[in-house]
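For reference, the structure discussed in these notes is given below.
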Amino acid sequence: MNLTEWNSKLLDDVRSRGRQGQRLYLYVDRDLLAKLSGMPPQAAVNDFSRAFRVSMGIEPFRRGAQAATAWRRSGFIGDPPFVAHLAMTVLAVTEEPIGGSHGIYACQNGLLGLPETPSAPPAYGTEVPLLWSIWNSWLDGPGSVYGVKTAQAHPHWSLQGWARSQGLVRFSDRLQLDDYFAATAGKASFDGLLTWLRLRRPDLWRRFQEEPALDILRDVFDEEAARWSREGRREQVRPGRQGLLQYDNWTRSFNGAVPVDDAMLNRTVDLGDGEQRVVEESDSLLTVVPKVPDEALLRDGVEHRLADALVKRFGGETVYVMREDPLVNGLLQVRTWTRTDVADVLVRRDWLPRVRFALRAAGIEASEHPSGMVDWIWLKGIELSPIQRPVLECLRLAHPGTSDERQSVLQGGMRLGANTYLVGGEPDVLFEGDQPTQVKVDDAPVAVEPGQHQLSLSDLVLAPGRHSVESLSGKLSFQSVEYVHETAVAGGISVPVERRRGAYAFGSATRSCASQASLAGASLRGVEVTEPLVIRRTPVSEVLIITESGEVSEIHPAAPWWLRTLDLQPAAIDVLAAIRITSSPVACLVIRNTRSGSTQAIAVPPSAQRMQGKVETQPRPDAIPSLALTLHSWSWIGPPHARIRRILGQAMQARNPSRPRSSWSLKQSPAPTRTDVSDGPLVNNPFDDVLTWLSEREHGRAPVQAFTASWEWACMRHGFSSLAARWRRALRILEELGHIERDYDTMQIGVAPATLVALPAASGLYVLTGSRPLRLLERLNDPDDRDALVAEAASSWEVHVRTPMDRGGCPAGPQAVYVEWDPAHRDGVRLGLERLGVGLTGLLADALLAMQPGIRQLDLVGEQLTMSPGREMWLRYRVANGSFEWAPVSSDAAPGLHCYRLRHRRVFAWRAALGAELVQVEFAVGEWLGRAAVGKTNLLLADESARRLLAVPASVPLPKLLARSLVLRSGLPPREALSRTDGSSYQVYENVDAHTIGLVARVLAQVPLHTDITTKLA
């Protein structure tokens, strides 16, 4: 149709639904255009836009304004000739905005065939208000038979307000009203809708809090309720303007990316390449495989139907601004730019001169790289700022102040819900539009420095509650809470554990773990974990051991070297570490107070695994009589030894009373205090911030993207910019420490159950893992807690905090919370911990290590594949200098480690030999298999001295659960150390004894190199 025909159709629609005395809205969307034209919605939009473009001049609305002015002079004789021009302005509001919620101008320009820049079309500011004022004049006069005028400007939308007043309720909003009608099952009411919006659609609710907007919503509700009763739920194709592109640096290929919204949940969508899936709540981004080559995708674009009522468009632009994003493990296209960051830009060659000019004018250096496609050039490593408006406009990016709404936005912070933040984690305010010199926060003025387009609310030390931020850019509100949980809440993600032929196999972490045995952080369910043998001593006591043969000796157990370097001297004794290996098995260990004579004892099970080596002892036959006489008054930790009375009786008969007691003491070598571990918590630690944030979330879970945003914000806030981009390392550290589990299929992370886990050979010390809400840490140190069981337990333990630091002085992990208590009060401690939501477990590090299969046990470490998991594959190979790299291959028949790039992640598989089965394995397992296959079996450095150290090359990461079993021996992440000879980097694990080193070497098919690590590494 031509524009005159469209004008006539639109006017007929007004006449058909208009009623004198009722509000008249000139609502226009693709649904209406399709109805009027008989075309599919997208085709109707295209035809209407084409007809408008043919008739317009340089100033798109000039001819409509001239016709409207002449018609008004004539006294409104005949039909209004500019309804199509008004409809064009409303259509830009009801279509999905380009570049964000304020991208109305970009959408308007796109409909007009102009570059989709976020600025008003030529003469829009004068001609569009004129058109609407003439429309209102007509409705005040001859047109009043069709209804009462409703078009008006808005204080924030001085130009767009006219069209927004007609299209405030967009087509996507009407679909949400369909959701409400379906949920209420015939019991719909306007008040019920408002309640439903507050609970389910708070963003939409906030749009209608003002009374004029509520009037609009009430009219739309009545209209949609009548339509629902006649037709039921509508099925309409949603526009595809929000589709993004993602780029995989690995495969150098493009795919589509679709941000998930509520309307897509639980729907089955077609992602291309034969893949269909149901959209779940945990999905935040869908990857779509277009059916066209990359060059055609970039140049022409393509529409993809995800479902019957959902179509998205990808590509077809002149410039693509891409930024690293964890959701895609690569680059993701962006259309808005709100903070200073680095981007890679793909530019069509004919647009390149304009981009070069804009960058040079802004003093930005750009490195040009070929893209592999003739018409496209990469500009890499460009640092862009929101204040560089000419550059952003040239790159087709929306930016602060480009729309006349000039709304400020909240960015970053420790966000718990839609508009809720943790106290101390309040967001930053990003000013869009003219920078204010002063803002009001909760009605109190706050000065803004010149050139500062951002205000950190967390620096203002706001109290919990509701807050408002008011400036020339608009008014924002949010609420902050001091905490959410009184006790620890877990995220529900765990690793299934399966028993196979006397060994264990571990699956992938998931929320739907149906296995009888599972692991979540340091909480192992369904597998027995040995409890440590610990007894507490006092300063005025002697430590005696009684063997099965009746020998009595004195020992002087000292705190392990690694604990002394942390300035920790627990009062308890780890029995098995203290007694080591003796000529006759030890029956029990006794603590005797030298002043009062009171005696406490603990029996040693014959089957208990002792540490290797011998302990220095002094024979004490003189103590046998007093021990035998007081045996009836001993207090026992755990069950008493069944034969202790007989053993002491035999010792009395065999003792030599003439042998004098000699004075003896054990000299303890001094241990230097570590400078890379801080005593106590750090105020500015992003690891603590994100762990607390995750622990305070309602369900203890978050998408990886949300974690990344919170991590980057916390790092930048505390001045650790070097850590901001290392979110993958942060996730790995938290995972190894047992604080979180990660579900790779759903791209979610969940905080692990809060667990107090015993550290092996650590003088009875425990470390807190998993969920760590603020109130939990407070209550651990509160002997006056309102819960009597918690208060009693808190009086029985002592808490020590240490924070690991890296070589650059930055935090290397969250604070390690160590807890020690008198084992005699174990039952009370357990009850208090249960009330706090904290589990208590034994030597998980030993249990987890013992469960680890060897890397060559492929049936346990991996999953046999019947076919290649992907069509594009790479093979790991060794280069001349001894390092390993990836090379693309056409087949995975060769032996070695193969990589396949799938939609959201990479898959690795190992083939042991030609013709052998292909087994999917963890990347780290494949790396160690590859090293062993080429004879590199001396990679581990072992120090079995008092230091108990194990060093692993940083270039070959340990399998995740093996690393966790080592980290949970100290509660600290491994420290980085450099070789004094070649400068290579190592990860050094603490508290690793000879037996553990042997088990690790067995798992990795390695022969450890025994050395003095402190002299070999710096």
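Identifiers for the structure tokens are assigned positionally: chains receive A, B, ... in sequence, residues are indexed from 1 per chain, and ligands are indexed from 1 in the order shown.
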(message) For segment 811-818 of chain A, find every residue with an atom within 6 Å (counting only C-alpha atoms), except residues of its own chain fewer than 5 positions away, and show them as a list of chain:residue names.
(response)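 My list of contacting residues is A:Pro681, A:Phe687, A:Asp688, A:Tyr766, A:Val767, A:Leu768, A:Val799, A:His800, A:Val801, A:Arg802, A:Thr803, A:Pro804, A:Met805, A:Asp806.
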Non-local contacts of Arg835 of chain A (8 Å; only C-alpha atoms; under 2 positions in same chain excluded) as a ChimeraX atom specification
/A:487,789-790,831-833,837-838
Please return as number ranges by chain: the residues of segment 645-793 of chain A that backbone DSSP assigns to strand (DSSP E or B).
A: 677-679, 701-703, 740-743, 748-751, 755-758, 766-769
Q.
Nearest residue to Thr675 of chain A out of A:Val439, A:Val292, A:Leu566, A:Ala34, using only C-alpha atoms?
A.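 Closest candidate: A:Leu566.
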* Please provide the set of residues having any atom within 6 Å of segment 991-1000 of chain A, restricted to only C-alpha atoms, with same-chain residues fewer than 4 positions apart removed, written as a ChimeraX atom specification. => /A:944,948-949
Please dump the current selection as a compact mmCIF listing (two decimals), in the first residue's frame; keep N, CA and C atoms.
# COMPACT_ATOMS: atom_id res chain seq x y z
N GLU A 944 59.07 -33.40 52.11
CA GLU A 944 58.46 -34.17 53.19
C GLU A 944 59.04 -33.83 54.55
N ARG A 948 56.26 -29.93 55.02
CA ARG A 948 55.15 -30.64 54.37
C ARG A 948 54.60 -29.87 53.17
N LEU A 949 55.39 -29.72 52.13
CA LEU A 949 55.00 -28.93 50.97
C LEU A 949 54.93 -29.81 49.72
Judged by only C-alpha atoms, the minimum distance to Asp567 of chain A among A:Ser494, A:Gln650, A:Thr673, A:Gln246 is found for A:Thr673
Q.
Show me, as a PyMOL selection string, the residues that have an atom within 12 Å of Ala182 of chain A when counting only C-alpha atoms, minus same-chain residues fewer than 5 positions from it.
A. chain A and resi 175-177+187-188+193+225+228-229+232-234
Write out as number ranges by chain the residues lying within 7 Å of Leu759 of chain A, counting only C-alpha atoms and excluding same-chain residues fewer than 6 positions away. A: 765-766, 843, 968-970
- Message: Just want the 12 Å neighbourhood of segment 638-644 of chain A, counted on only C-alpha atoms, with same-chain residues fewer than 6 positions away dropped. Output as a PyMOL selection string.
- Response: chain A and resi 531-535+545-551+586-590+600-606+624+627-628+631-632+650-651+823-827
Within 9 Å of Arg871 of chain A, counting only C-alpha atoms, which residues qualify if same-chain residues fewer than 3 places away don't, as a list in words?
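Here the answer would be Ser868, Ser890, Ser891, Tyr900 and Arg901 of chain A.
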Okay, now the selection with C-alpha atoms, as a PDB file, in the first residue's frame?
ATOM      1  CA  SER A 868      32.615 -37.057  18.448  1.00  0.00           C
ATOM      2  CA  SER A 890      39.832 -32.825  10.609  1.00  0.00           C
ATOM      3  CA  SER A 891      39.538 -36.026  12.624  1.00  0.00           C
ATOM      4  CA  TYR A 900      35.419 -29.561  20.926  1.00  0.00           C
ATOM      5  CA  ARG A 901      33.684 -26.177  21.079  1.00  0.00           C
TER       6      ARG A 901
END
